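Structure below is coords-v1.cif: mmCIF, C-alpha atoms.
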```
data_data
loop_
_atom_site.group_PDB
_atom_site.id
_atom_site.type_symbol
_atom_site.label_atom_id
_atom_site.label_comp_id
_atom_site.auth_asym_id
_atom_site.auth_seq_id
_atom_site.Cartn_x
_atom_site.Cartn_y
_atom_site.Cartn_z
ATOM 1 C CA MET A 1 -18.015 -42.486 56.056
ATOM 2 C CA GLU A 2 -15.167 -41.915 53.628
ATOM 3 C CA LYS A 3 -13.588 -45.144 52.366
ATOM 4 C CA LEU A 4 -10.279 -45.968 54.020
ATOM 5 C CA GLN A 5 -7.186 -45.963 51.834
ATOM 6 C CA PHE A 6 -4.517 -48.488 52.767
ATOM 7 C CA ARG A 7 -2.213 -51.074 51.225
ATOM 8 C CA ARG A 8 -3.390 -54.705 51.225
ATOM 9 C CA ASN A 9 -0.150 -56.520 51.943
ATOM 10 C CA ARG A 10 -2.043 -59.720 52.791
ATOM 11 C CA ARG A 11 -2.822 -60.309 49.115
ATOM 12 C CA LEU A 12 0.523 -62.019 48.651
ATOM 13 C CA ARG A 13 -0.079 -64.341 51.622
ATOM 14 C CA ASN A 14 -3.377 -65.882 50.528
ATOM 15 C CA THR A 15 -2.088 -69.313 49.486
ATOM 16 C CA HIS A 16 0.944 -71.525 49.977
ATOM 17 C CA ALA A 17 1.803 -71.139 46.293
ATOM 18 C CA LEU A 18 1.718 -67.344 46.501
ATOM 19 C CA ARG A 19 3.812 -67.303 49.648
ATOM 20 C CA SER A 20 6.365 -69.553 47.968
ATOM 21 C CA MET A 21 6.523 -67.323 44.891
ATOM 22 C CA VAL A 22 7.431 -64.209 46.865
ATOM 23 C CA ARG A 23 9.629 -65.828 49.528
ATOM 24 C CA GLU A 24 12.788 -63.763 49.900
ATOM 25 C CA THR A 25 14.982 -66.233 51.769
ATOM 26 C CA VAL A 26 15.291 -69.901 50.844
ATOM 27 C CA LEU A 27 16.845 -72.485 53.150
ATOM 28 C CA ARG A 28 18.420 -75.513 51.425
ATOM 29 C CA LYS A 29 20.168 -78.643 52.606
ATOM 30 C CA GLU A 30 23.104 -77.546 50.427
ATOM 31 C CA ASP A 31 23.605 -74.647 52.876
ATOM 32 C CA PHE A 32 24.632 -76.952 55.726
ATOM 33 C CA ILE A 33 27.895 -78.074 57.283
ATOM 34 C CA TYR A 34 27.451 -80.908 59.798
ATOM 35 C CA PRO A 35 29.870 -81.119 62.770
ATOM 36 C CA ILE A 36 31.151 -84.579 63.785
ATOM 37 C CA PHE A 37 33.216 -85.593 66.819
ATOM 38 C CA VAL A 38 35.799 -88.318 66.207
ATOM 39 C CA VAL A 39 37.384 -90.133 69.153
ATOM 40 C CA GLU A 40 40.087 -92.715 69.605
ATOM 41 C CA GLY A 41 39.188 -96.270 70.564
ATOM 42 C CA GLU A 42 37.039 -99.033 69.087
ATOM 43 C CA ASN A 43 33.283 -99.527 68.816
ATOM 44 C CA VAL A 44 32.608 -96.120 70.352
ATOM 45 C CA LYS A 45 29.353 -94.276 69.834
ATOM 46 C CA ASN A 46 29.071 -92.126 72.919
ATOM 47 C CA PRO A 47 25.981 -89.938 73.266
ATOM 48 C CA VAL A 48 26.725 -86.339 74.254
ATOM 49 C CA SER A 49 24.354 -85.897 77.200
ATOM 50 C CA SER A 50 23.848 -82.165 76.720
ATOM 51 C CA MET A 51 23.295 -82.491 72.952
ATOM 52 C CA PRO A 52 20.583 -85.105 72.291
ATOM 53 C CA GLY A 53 21.140 -86.805 68.940
ATOM 54 C CA VAL A 54 24.869 -85.960 68.823
ATOM 55 C CA TYR A 55 27.514 -88.629 69.391
ATOM 56 C CA GLN A 56 31.256 -89.159 69.574
ATOM 57 C CA PHE A 57 32.322 -91.778 67.003
ATOM 58 C CA SER A 58 35.413 -93.958 66.833
ATOM 59 C CA LEU A 59 36.769 -94.553 63.338
ATOM 60 C CA ASP A 60 35.224 -98.025 63.084
ATOM 61 C CA ARG A 61 31.773 -96.539 63.756
ATOM 62 C CA LEU A 62 32.210 -93.381 61.691
ATOM 63 C CA ALA A 63 30.904 -94.925 58.459
ATOM 64 C CA GLU A 64 27.320 -95.056 59.702
ATOM 65 C CA GLU A 65 27.314 -91.324 60.385
ATOM 66 C CA ILE A 66 29.103 -90.320 57.195
ATOM 67 C CA ASP A 67 26.924 -92.542 54.999
ATOM 68 C CA GLU A 68 23.795 -90.970 56.476
ATOM 69 C CA VAL A 69 25.109 -87.454 55.847
ATOM 70 C CA VAL A 70 25.796 -88.292 52.202
ATOM 71 C CA GLU A 71 22.433 -90.030 51.766
ATOM 72 C CA LEU A 72 20.677 -86.911 53.060
ATOM 73 C CA GLY A 73 22.487 -84.725 50.520
ATOM 74 C CA ILE A 74 24.401 -82.622 53.044
ATOM 75 C CA PRO A 75 27.492 -81.470 51.134
ATOM 76 C CA SER A 76 30.007 -80.925 53.925
ATOM 77 C CA VAL A 77 31.173 -81.999 57.380
ATOM 78 C CA ILE A 78 33.600 -80.484 59.860
ATOM 79 C CA LEU A 79 35.631 -82.880 61.994
ATOM 80 C CA PHE A 80 36.563 -82.264 65.639
ATOM 81 C CA GLY A 81 39.013 -84.650 67.290
ATOM 82 C CA VAL A 82 39.021 -86.016 70.835
ATOM 83 C CA PRO A 83 42.385 -87.702 71.566
ATOM 84 C CA GLU A 84 43.107 -90.173 74.354
ATOM 85 C CA GLU A 85 46.324 -88.404 75.369
ATOM 86 C CA LYS A 86 46.984 -84.680 75.788
ATOM 87 C CA ASP A 87 50.044 -82.583 76.589
ATOM 88 C CA ALA A 88 51.015 -78.968 77.127
ATOM 89 C CA MET A 89 51.880 -78.399 73.449
ATOM 90 C CA GLY A 90 48.870 -80.162 71.918
ATOM 91 C CA THR A 91 51.057 -82.438 69.814
ATOM 92 C CA GLY A 92 48.107 -84.641 68.887
ATOM 93 C CA ALA A 93 46.741 -81.761 66.819
ATOM 94 C CA TYR A 94 49.574 -81.864 64.286
ATOM 95 C CA HIS A 95 50.632 -85.516 64.451
ATOM 96 C CA ASP A 96 50.423 -87.332 61.090
ATOM 97 C CA HIS A 97 48.312 -90.017 62.732
ATOM 98 C CA GLY A 98 46.268 -87.708 64.965
ATOM 99 C CA ILE A 99 42.617 -88.573 65.347
ATOM 100 C CA VAL A 100 41.385 -85.807 63.018
ATOM 101 C CA GLN A 101 43.973 -86.716 60.392
ATOM 102 C CA GLN A 102 42.811 -90.339 60.546
ATOM 103 C CA GLY A 103 39.213 -89.222 60.353
ATOM 104 C CA ILE A 104 39.889 -87.065 57.295
ATOM 105 C CA ARG A 105 41.547 -89.961 55.458
ATOM 106 C CA PHE A 106 38.692 -92.296 56.336
ATOM 107 C CA VAL A 107 35.992 -89.923 55.106
ATOM 108 C CA LYS A 108 37.790 -88.963 51.887
ATOM 109 C CA GLU A 109 38.432 -92.608 51.025
ATOM 110 C CA ARG A 110 34.814 -93.557 51.602
ATOM 111 C CA HIS A 111 33.162 -90.463 50.074
ATOM 112 C CA PRO A 112 35.665 -88.442 48.014
ATOM 113 C CA GLU A 113 32.951 -86.018 46.897
ATOM 114 C CA LEU A 114 32.064 -84.945 50.452
ATOM 115 C CA VAL A 115 33.691 -81.640 51.437
ATOM 116 C CA VAL A 116 35.712 -82.304 54.588
ATOM 117 C CA ILE A 117 36.597 -79.329 56.781
ATOM 118 C CA ALA A 118 39.223 -79.681 59.503
ATOM 119 C CA ASP A 119 38.824 -77.710 62.704
ATOM 120 C CA THR A 120 42.283 -76.280 63.339
ATOM 121 C CA CYS A 121 42.823 -75.584 67.012
ATOM 122 C CA LEU A 122 44.811 -76.891 69.958
ATOM 123 C CA CYS A 123 42.277 -76.829 72.807
ATOM 124 C CA GLU A 124 41.089 -80.439 72.370
ATOM 125 C CA TYR A 125 44.721 -81.614 72.464
ATOM 126 C CA THR A 126 46.253 -79.552 75.278
ATOM 127 C CA ASP A 127 46.163 -80.734 78.877
ATOM 128 C CA HIS A 128 45.372 -77.173 79.967
ATOM 129 C CA GLY A 129 42.473 -76.812 77.516
ATOM 130 C CA HIS A 130 43.558 -73.514 75.980
ATOM 131 C CA CYS A 131 43.881 -72.783 72.274
ATOM 132 C CA GLY A 132 47.604 -72.074 72.274
ATOM 133 C CA VAL A 133 50.900 -72.310 74.118
ATOM 134 C CA VAL A 134 50.737 -71.201 77.744
ATOM 135 C CA GLU A 135 53.322 -69.743 80.090
ATOM 136 C CA GLY A 136 52.075 -69.808 83.649
ATOM 137 C CA GLU A 137 48.468 -68.807 83.117
ATOM 138 C CA LYS A 138 49.083 -66.595 80.084
ATOM 139 C CA VAL A 139 48.200 -67.784 76.582
ATOM 140 C CA LEU A 140 51.071 -66.793 74.285
ATOM 141 C CA ASN A 141 50.104 -65.531 70.862
ATOM 142 C CA ASP A 142 53.148 -65.781 68.590
ATOM 143 C CA PRO A 143 54.531 -69.151 69.758
ATOM 144 C CA SER A 144 51.075 -70.610 69.137
ATOM 145 C CA LEU A 145 51.107 -69.599 65.457
ATOM 146 C CA GLU A 146 53.813 -72.070 64.466
ATOM 147 C CA LEU A 147 51.874 -74.961 66.011
ATOM 148 C CA LEU A 148 48.660 -73.896 64.318
ATOM 149 C CA ALA A 149 50.391 -73.742 60.941
ATOM 150 C CA ARG A 150 51.854 -77.224 61.502
ATOM 151 C CA THR A 151 48.383 -78.487 62.383
ATOM 152 C CA ALA A 152 46.875 -77.015 59.221
ATOM 153 C CA VAL A 153 49.577 -78.550 57.009
ATOM 154 C CA SER A 154 49.137 -81.984 58.579
ATOM 155 C CA GLN A 155 45.386 -81.774 58.021
ATOM 156 C CA ALA A 156 45.878 -80.743 54.403
ATOM 157 C CA GLU A 157 48.315 -83.627 53.911
ATOM 158 C CA ALA A 158 45.612 -85.965 55.256
ATOM 159 C CA GLY A 159 43.217 -84.737 52.557
ATOM 160 C CA ALA A 160 41.180 -81.940 54.146
ATOM 161 C CA ASP A 161 39.384 -79.809 51.567
ATOM 162 C CA ILE A 162 39.166 -76.742 53.825
ATOM 163 C CA ILE A 163 41.126 -75.610 56.886
ATOM 164 C CA ALA A 164 38.997 -73.926 59.582
ATOM 165 C CA PRO A 165 41.163 -72.299 62.290
ATOM 166 C CA SER A 166 39.158 -71.489 65.424
ATOM 167 C CA ASN A 167 41.801 -70.332 67.896
ATOM 168 C CA MET A 168 41.496 -66.519 67.660
ATOM 169 C CA MET A 169 45.230 -65.836 67.966
ATOM 170 C CA ASP A 170 46.241 -62.605 66.229
ATOM 171 C CA GLY A 171 47.843 -63.397 62.862
ATOM 172 C CA PHE A 172 46.591 -66.990 62.734
ATOM 173 C CA VAL A 173 45.264 -66.725 59.180
ATOM 174 C CA ALA A 174 48.532 -65.236 57.901
ATOM 175 C CA ALA A 175 50.585 -67.947 59.631
ATOM 176 C CA ILE A 176 48.401 -70.761 58.317
ATOM 177 C CA ARG A 177 48.278 -69.341 54.788
ATOM 178 C CA GLN A 178 52.044 -69.066 54.729
ATOM 179 C CA GLY A 179 52.430 -72.596 56.076
ATOM 180 C CA LEU A 180 49.987 -74.098 53.588
ATOM 181 C CA ASP A 181 51.556 -72.275 50.639
ATOM 182 C CA ALA A 182 55.091 -73.281 51.639
ATOM 183 C CA ALA A 183 53.962 -76.913 51.803
ATOM 184 C CA GLY A 184 52.427 -76.752 48.326
ATOM 185 C CA PHE A 185 48.783 -76.400 49.402
ATOM 186 C CA THR A 186 48.101 -73.106 47.682
ATOM 187 C CA ASP A 187 44.645 -74.276 46.562
ATOM 188 C CA ILE A 188 43.380 -75.229 50.040
ATOM 189 C CA PRO A 189 41.014 -72.491 51.295
ATOM 190 C CA ILE A 190 40.853 -71.154 54.849
ATOM 191 C CA MET A 191 37.458 -70.892 56.537
ATOM 192 C CA SER A 192 38.400 -68.559 59.350
ATOM 193 C CA TYR A 193 36.579 -68.274 62.654
ATOM 194 C CA ALA A 194 37.031 -64.572 62.098
ATOM 195 C CA VAL A 195 34.417 -63.330 64.559
ATOM 196 C CA LYS A 196 34.321 -65.650 67.560
ATOM 197 C CA TYR A 197 32.888 -64.397 70.817
ATOM 198 C CA ALA A 198 33.753 -65.572 74.346
ATOM 199 C CA SER A 199 30.284 -67.025 74.661
ATOM 200 C CA ALA A 200 28.448 -69.029 77.313
ATOM 201 C CA TYR A 201 26.712 -70.870 74.473
ATOM 202 C CA TYR A 202 29.710 -73.185 73.994
ATOM 203 C CA GLY A 203 29.130 -75.252 77.119
ATOM 204 C CA PRO A 204 27.749 -78.446 75.527
ATOM 205 C CA PHE A 205 30.508 -78.433 72.887
ATOM 206 C CA ARG A 206 33.137 -78.508 75.614
ATOM 207 C CA GLU A 207 31.569 -81.715 76.896
ATOM 208 C CA ALA A 208 31.543 -83.211 73.391
ATOM 209 C CA ALA A 209 35.117 -82.165 72.577
ATOM 210 C CA ASP A 210 36.536 -82.456 76.103
ATOM 211 C CA SER A 211 38.003 -78.975 75.721
ATOM 212 C CA THR A 212 37.101 -77.092 78.894
ATOM 213 C CA PRO A 213 39.961 -74.795 80.037
ATOM 214 C CA GLN A 214 41.656 -76.103 83.179
ATOM 215 C CA PHE A 215 42.247 -72.565 84.432
ATOM 216 C CA GLY A 216 40.838 -69.147 83.670
ATOM 217 C CA ASP A 217 38.783 -68.558 80.560
ATOM 218 C CA ARG A 218 39.251 -67.554 76.918
ATOM 219 C CA LYS A 219 38.322 -63.905 77.225
ATOM 220 C CA THR A 220 41.842 -62.673 76.422
ATOM 221 C CA TYR A 221 41.612 -64.069 72.899
ATOM 222 C CA GLN A 222 37.913 -64.541 72.108
ATOM 223 C CA MET A 223 35.776 -61.430 71.666
ATOM 224 C CA ASP A 224 33.695 -59.551 74.230
ATOM 225 C CA PRO A 225 29.988 -60.251 73.484
ATOM 226 C CA ALA A 226 29.234 -56.543 74.037
ATOM 227 C CA ASN A 227 31.368 -55.439 71.066
ATOM 228 C CA ARG A 228 30.129 -54.847 67.544
ATOM 229 C CA LEU A 229 32.734 -52.683 65.808
ATOM 230 C CA GLU A 230 35.499 -54.999 66.956
ATOM 231 C CA ALA A 231 33.947 -57.700 64.753
ATOM 232 C CA MET A 232 34.667 -55.549 61.715
ATOM 233 C CA ARG A 233 38.307 -55.195 62.734
ATOM 234 C CA GLU A 234 38.661 -58.948 63.213
ATOM 235 C CA ALA A 235 37.008 -59.775 59.890
ATOM 236 C CA GLU A 236 39.077 -57.123 58.081
ATOM 237 C CA SER A 237 42.302 -58.573 59.497
ATOM 238 C CA ASP A 238 41.438 -62.095 58.406
ATOM 239 C CA GLU A 239 40.385 -61.027 54.927
ATOM 240 C CA ALA A 240 43.669 -59.127 54.503
ATOM 241 C CA GLU A 241 45.644 -62.162 55.719
ATOM 242 C CA GLY A 242 44.085 -64.456 53.138
ATOM 243 C CA ALA A 243 40.872 -65.932 54.545
ATOM 244 C CA ASP A 244 38.486 -67.411 51.961
ATOM 245 C CA PHE A 245 35.423 -67.652 54.244
ATOM 246 C CA LEU A 246 34.458 -65.691 57.365
ATOM 247 C CA ILE A 247 32.711 -67.454 60.257
ATOM 248 C CA VAL A 248 30.569 -65.657 62.825
ATOM 249 C CA LYS A 249 30.196 -67.653 66.050
ATOM 250 C CA PRO A 250 27.743 -67.961 67.775
ATOM 251 C CA ALA A 251 24.928 -67.227 65.350
ATOM 252 C CA LEU A 252 21.556 -66.798 67.030
ATOM 253 C CA SER A 253 22.451 -64.025 69.477
ATOM 254 C CA TYR A 254 24.721 -62.384 66.886
ATOM 255 C CA LEU A 255 22.447 -62.002 63.858
ATOM 256 C CA ASP A 256 23.249 -58.288 63.793
ATOM 257 C CA ILE A 257 26.943 -59.148 63.494
ATOM 258 C CA ILE A 258 26.251 -61.578 60.647
ATOM 259 C CA ARG A 259 24.448 -58.790 58.795
ATOM 260 C CA ASP A 260 27.253 -56.306 59.485
ATOM 261 C CA VAL A 261 29.877 -58.727 58.178
ATOM 262 C CA LYS A 262 27.758 -59.540 55.121
ATOM 263 C CA ASN A 263 27.320 -55.849 54.343
ATOM 264 C CA ASN A 264 31.024 -55.083 54.609
ATOM 265 C CA PHE A 265 32.780 -58.083 53.036
ATOM 266 C CA VAL A 266 32.384 -59.995 49.793
ATOM 267 C CA LEU A 267 33.672 -63.342 51.099
ATOM 268 C CA PRO A 268 31.186 -66.162 51.834
ATOM 269 C CA ILE A 269 29.785 -65.801 55.347
ATOM 270 C CA VAL A 270 29.365 -68.840 57.596
ATOM 271 C CA ALA A 271 27.070 -68.812 60.645
ATOM 272 C CA TYR A 272 27.952 -71.327 63.358
ATOM 273 C CA ASN A 273 24.714 -72.427 65.053
ATOM 274 C CA VAL A 274 26.529 -73.521 68.207
ATOM 275 C CA SER A 275 25.978 -76.280 70.748
ATOM 276 C CA GLY A 276 24.161 -74.187 73.364
ATOM 277 C CA GLU A 277 21.688 -72.939 70.776
ATOM 278 C CA TYR A 278 21.093 -76.542 69.690
ATOM 279 C CA ALA A 279 20.750 -77.808 73.265
ATOM 280 C CA MET A 280 18.145 -75.191 74.211
ATOM 281 C CA VAL A 281 15.913 -76.143 71.296
ATOM 282 C CA LYS A 282 16.311 -79.855 71.995
ATOM 283 C CA ALA A 283 15.504 -79.417 75.695
ATOM 284 C CA ALA A 284 12.386 -77.376 74.978
ATOM 285 C CA ALA A 285 11.242 -79.857 72.333
ATOM 286 C CA GLN A 286 11.723 -82.843 74.639
ATOM 287 C CA ASN A 287 9.540 -81.103 77.206
ATOM 288 C CA GLY A 288 6.840 -80.528 74.604
ATOM 289 C CA TRP A 289 7.118 -76.765 74.891
ATOM 290 C CA ILE A 290 7.816 -76.047 71.221
ATOM 291 C CA ASP A 291 7.353 -77.558 67.764
ATOM 292 C CA GLU A 292 10.958 -78.605 67.109
ATOM 293 C CA GLN A 293 10.707 -78.774 63.325
ATOM 294 C CA GLN A 294 9.126 -75.349 62.957
ATOM 295 C CA VAL A 295 11.474 -73.694 65.455
ATOM 296 C CA VAL A 296 14.620 -75.197 63.902
ATOM 297 C CA LEU A 297 13.684 -74.240 60.349
ATOM 298 C CA GLU A 298 12.671 -70.736 61.441
ATOM 299 C CA THR A 299 15.920 -70.308 63.355
ATOM 300 C CA LEU A 300 18.110 -71.487 60.480
ATOM 301 C CA THR A 301 16.163 -69.307 58.041
ATOM 302 C CA SER A 302 16.815 -66.297 60.282
ATOM 303 C CA MET A 303 20.543 -66.915 59.924
ATOM 304 C CA LYS A 304 20.311 -66.945 56.143
ATOM 305 C CA ARG A 305 18.093 -63.863 56.205
ATOM 306 C CA ALA A 306 20.696 -62.107 58.328
ATOM 307 C CA GLY A 307 23.278 -62.745 55.589
ATOM 308 C CA ALA A 308 24.800 -66.190 56.123
ATOM 309 C CA ASP A 309 25.649 -68.053 52.938
ATOM 310 C CA ILE A 310 26.433 -71.269 54.826
ATOM 311 C CA ILE A 311 25.269 -72.599 58.207
ATOM 312 C CA MET A 312 27.300 -74.918 60.424
ATOM 313 C CA THR A 313 24.681 -76.698 62.514
ATOM 314 C CA TYR A 314 24.052 -79.833 64.583
ATOM 315 C CA HIS A 315 20.478 -79.683 63.270
ATOM 316 C CA ALA A 316 21.688 -80.386 59.718
ATOM 317 C CA LYS A 317 20.487 -83.987 59.432
ATOM 318 C CA ASP A 318 17.035 -83.278 60.836
ATOM 319 C CA ALA A 319 16.694 -80.072 58.835
ATOM 320 C CA ALA A 320 17.677 -81.841 55.604
ATOM 321 C CA ARG A 321 14.946 -84.430 56.205
ATOM 322 C CA TRP A 322 12.336 -81.791 56.988
ATOM 323 C CA LEU A 323 13.209 -79.727 53.929
ATOM 324 C CA GLU A 324 12.698 -82.843 51.802
ATOM 325 C CA GLY A 325 9.357 -83.491 53.511
ATOM 326 C CA LYS A 326 10.581 -86.640 55.298
#
```
Rendering of file as structure tokens:
Amino acid sequence: MEKLQFRRNRRLRNTHALRSMVRETVLRKEDFIYPIFVVEGENVKNPVSSMPGVYQFSLDRLAEEIDEVVELGIPSVILFGVPEEKDAMGTGAYHDHGIVQQGIRFVKERHPELVVIADTCLCEYTDHGHCGVVEGEKVLNDPSLELLARTAVSQAEAGADIIAPSNMMDGFVAAIRQGLDAAGFTDIPIMSYAVKYASAYYGPFREAADSTPQFGDRKTYQMDPANRLEAMREAESDEAEGADFLIVKPALSYLDIIRDVKNNFVLPIVAYNVSGEYAMVKAAAQNGWIDEQQVVLETLTSMKRAGADIIMTYHAKDAARWLEGK
């Protein structure tokens, strides 16, 4: 019988050392942004029932979370605020002493080297739960821009290193860039939620942030999950308006979109590994159906392989420990 001729690809998989030498994608703790929920009140550490391991922290309990993040070597956090009072205009979002503004000051005073990102949206602060000004049951685009710019400036004044607008109003990057520049914050970058889908994967987050819409849904301003080319139009608009980072959200079901954005834009790409993705893994792990560590690290690696430079993830603390062999 004539000897078979074929390529022996397994040669480079024989040992751990060999596999490490030829590994194409490397996941690092420095890739992570860790989301934190800050609430008003005292001595609050509320577990988020749908997100095991995630809590809402009052300012007097925030130190324990921030100190742990720094100790683990995670370079950045993003703060989401949960106010006690809400109104139709979301005034708590841009108040000088709003909960996120207080949280930013606290973190920067305690750990100046930690990169603090401010989520810039209105939905946590409005009594209707939408990301802008409403008239009847219509979310108004242009009147919302002024409030978003005011929110960004107040967050920058509090010490935020990066502004991350997540509202998906048309022109929101341009409005925020203009507002920041006019206020003297020309060096503060914008990490835009450029490609944000109207996804069912956000459910647990809405519990954590108390941001469920009180009527309708967000499909008139967040993207249709069926659309791919539209993502390019959204990212192109935000780049032209002055975005410094482009976020794709969610991540796991949109790896193709992450790759498309990476292939077409030179800005850093951020994948948001959202609450529903986190909750599914946690639920399966608690039932003993999967190896949590292996699944989490594989999932996060897939996001980097798809083209993400940075990953926003609730798994960040666990993943940082696992990557360090702890």
Practice task
Spell out the residues picked by the PyMOL selection byres ((chain A and resi 174) around 10) here, as a PyMOL selection string.
Solution key: chain A and resi 145+149+170-173+175-180+237-243
Practice task
For atom CA of Gly81 of chain A and atom CA of Val38 of chain A, quote the distance in Å rounded to one decimal.
Solution key: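 So the answer is 5.0 Å.
All polymer residues at most 6 Å from (45.4, -74.8, 67.8), using only C-alpha atoms, appear as Thr120, Cys121, Leu122, Cys131, Gly132, Leu148 and Asn167 of chain A.
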Fill in the blank from the handout: Counting only C-alpha atoms, the residue among A:Gln294, A:Ser302, A:Asn227, A:Thr186 that lies closest to Leu323 of chain A is A:Gln294
Exercise for the section: Name the closest residue to Ser199 of chain A among the candidates A:Arg28, A:Arg19, A:Arg105, A:Lys249; distances are taken between atoms, counting only C-alpha atoms. Expected result: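 For Ser199 of chain A, the nearest of the given residues is A:Lys249.
Residues with at least one atom no more than 9 Å from (36.1, -86.9, 54.3), using only C-alpha atoms, are Ile66, Ser76, Val77, Ile78, Leu79, Gly103, Ile104, Arg105, Phe106, Val107, Lys108, Glu109, Arg110, His111, Pro112, Glu113, Leu114, Val115, Val116, Ile117, Gly159, Ala160 and Asp161 of chain A.
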Exercise for the section: For the file shown, report as an MDAnalysis selection string the outcome of the PyMOL selection byres ((chain A and resi 154) around 8) at residue level. Expected result: chainID A and resid 94:96 101 150:153 155:158
Handout entry: Closest of A:Ala306, A:Ala88, A:Val261, A:Ile269 to Val139 of chain A - atom-to-atom distances counting only C-alpha atoms
Key = A:Ala88
Problem - Distance in Å - atom CA of Arg10 of chain A versus atom CA of Thr301 of chain A - result: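 Result for atom CA of Arg10 of chain A versus atom CA of Thr301 of chain A: 21.2 Å, one decimal.
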To verify the selection step, state as a compact mmCIF listing (two decimals) with C-alpha atoms, keeping the file's coordinate frame which residues the PyMOL selection byres ((chain A and resi 53-62) around 7) yields on this input.
```txt
# COMPACT_ATOMS: atom_id res chain seq x y z
CA PHE A 37 33.22 -85.59 66.82
CA VAL A 38 35.80 -88.32 66.21
CA VAL A 39 37.38 -90.13 69.15
CA GLU A 40 40.09 -92.72 69.60
CA GLY A 41 39.19 -96.27 70.56
CA GLU A 42 37.04 -99.03 69.09
CA ASN A 43 33.28 -99.53 68.82
CA VAL A 44 32.61 -96.12 70.35
CA LYS A 45 29.35 -94.28 69.83
CA ASN A 46 29.07 -92.13 72.92
CA PRO A 47 25.98 -89.94 73.27
CA VAL A 48 26.72 -86.34 74.25
CA MET A 51 23.30 -82.49 72.95
CA PRO A 52 20.58 -85.10 72.29
CA ALA A 63 30.90 -94.92 58.46
CA GLU A 64 27.32 -95.06 59.70
CA GLU A 65 27.31 -91.32 60.38
CA ILE A 66 29.10 -90.32 57.20
CA GLY A 103 39.21 -89.22 60.35
```
Practice task
Point out the residue among A:Ile33, A:Val134, A:Ile310, A:Ala251 with the least atom-to-atom distance to Pro75 of chain A, counting all atoms listed in the file.
Solution key: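 For Pro75 of chain A, the nearest of the given residues is A:Ile33.
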Exercise for the section: Rank A:Thr126, A:Thr313, A:Ser166, A:Ser253 by their smallest atom-to-atom distance to Ser192 of chain A, using all atoms listed in the file, and report the top residue only. Expected result: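 Comparing A:Thr126, A:Thr313, A:Ser166, A:Ser253 against Ser192 of chain A, the winner is A:Ser166.
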Problem - Which of A:Ile311, A:Leu229, A:Val195, A:Val266 sits closest to Ile247 of chain A [using only C-alpha atoms] - result: A:Val195
Practice task
Find the distance between atom CA of Trp322 of chain A and atom CA of Met303 of chain A and write it in Å to one decimal.
Solution key: 17.2 Å
Problem - Residues near Val248 of chain A, cut-off 10 Å, all atoms listed in the file, skip fewer than 6 positions along chain, as a PyMOL selection string - result: chain A and resi 192-197+231+235+254-255+257-258+261+269-273+308+311
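Neighbours of Gln293 of chain A closer than or equal to 12 Å, with all atoms listed in the file counted and sequence neighbours fewer than 6 positions away skipped, come out as Val281, Lys282, Ala284, Ala285, Thr299, Leu300, His315, Ala316, Lys317, Asp318, Ala319, Ala320, Arg321, Trp322, Leu323, Gly325 and Lys326 of chain A.
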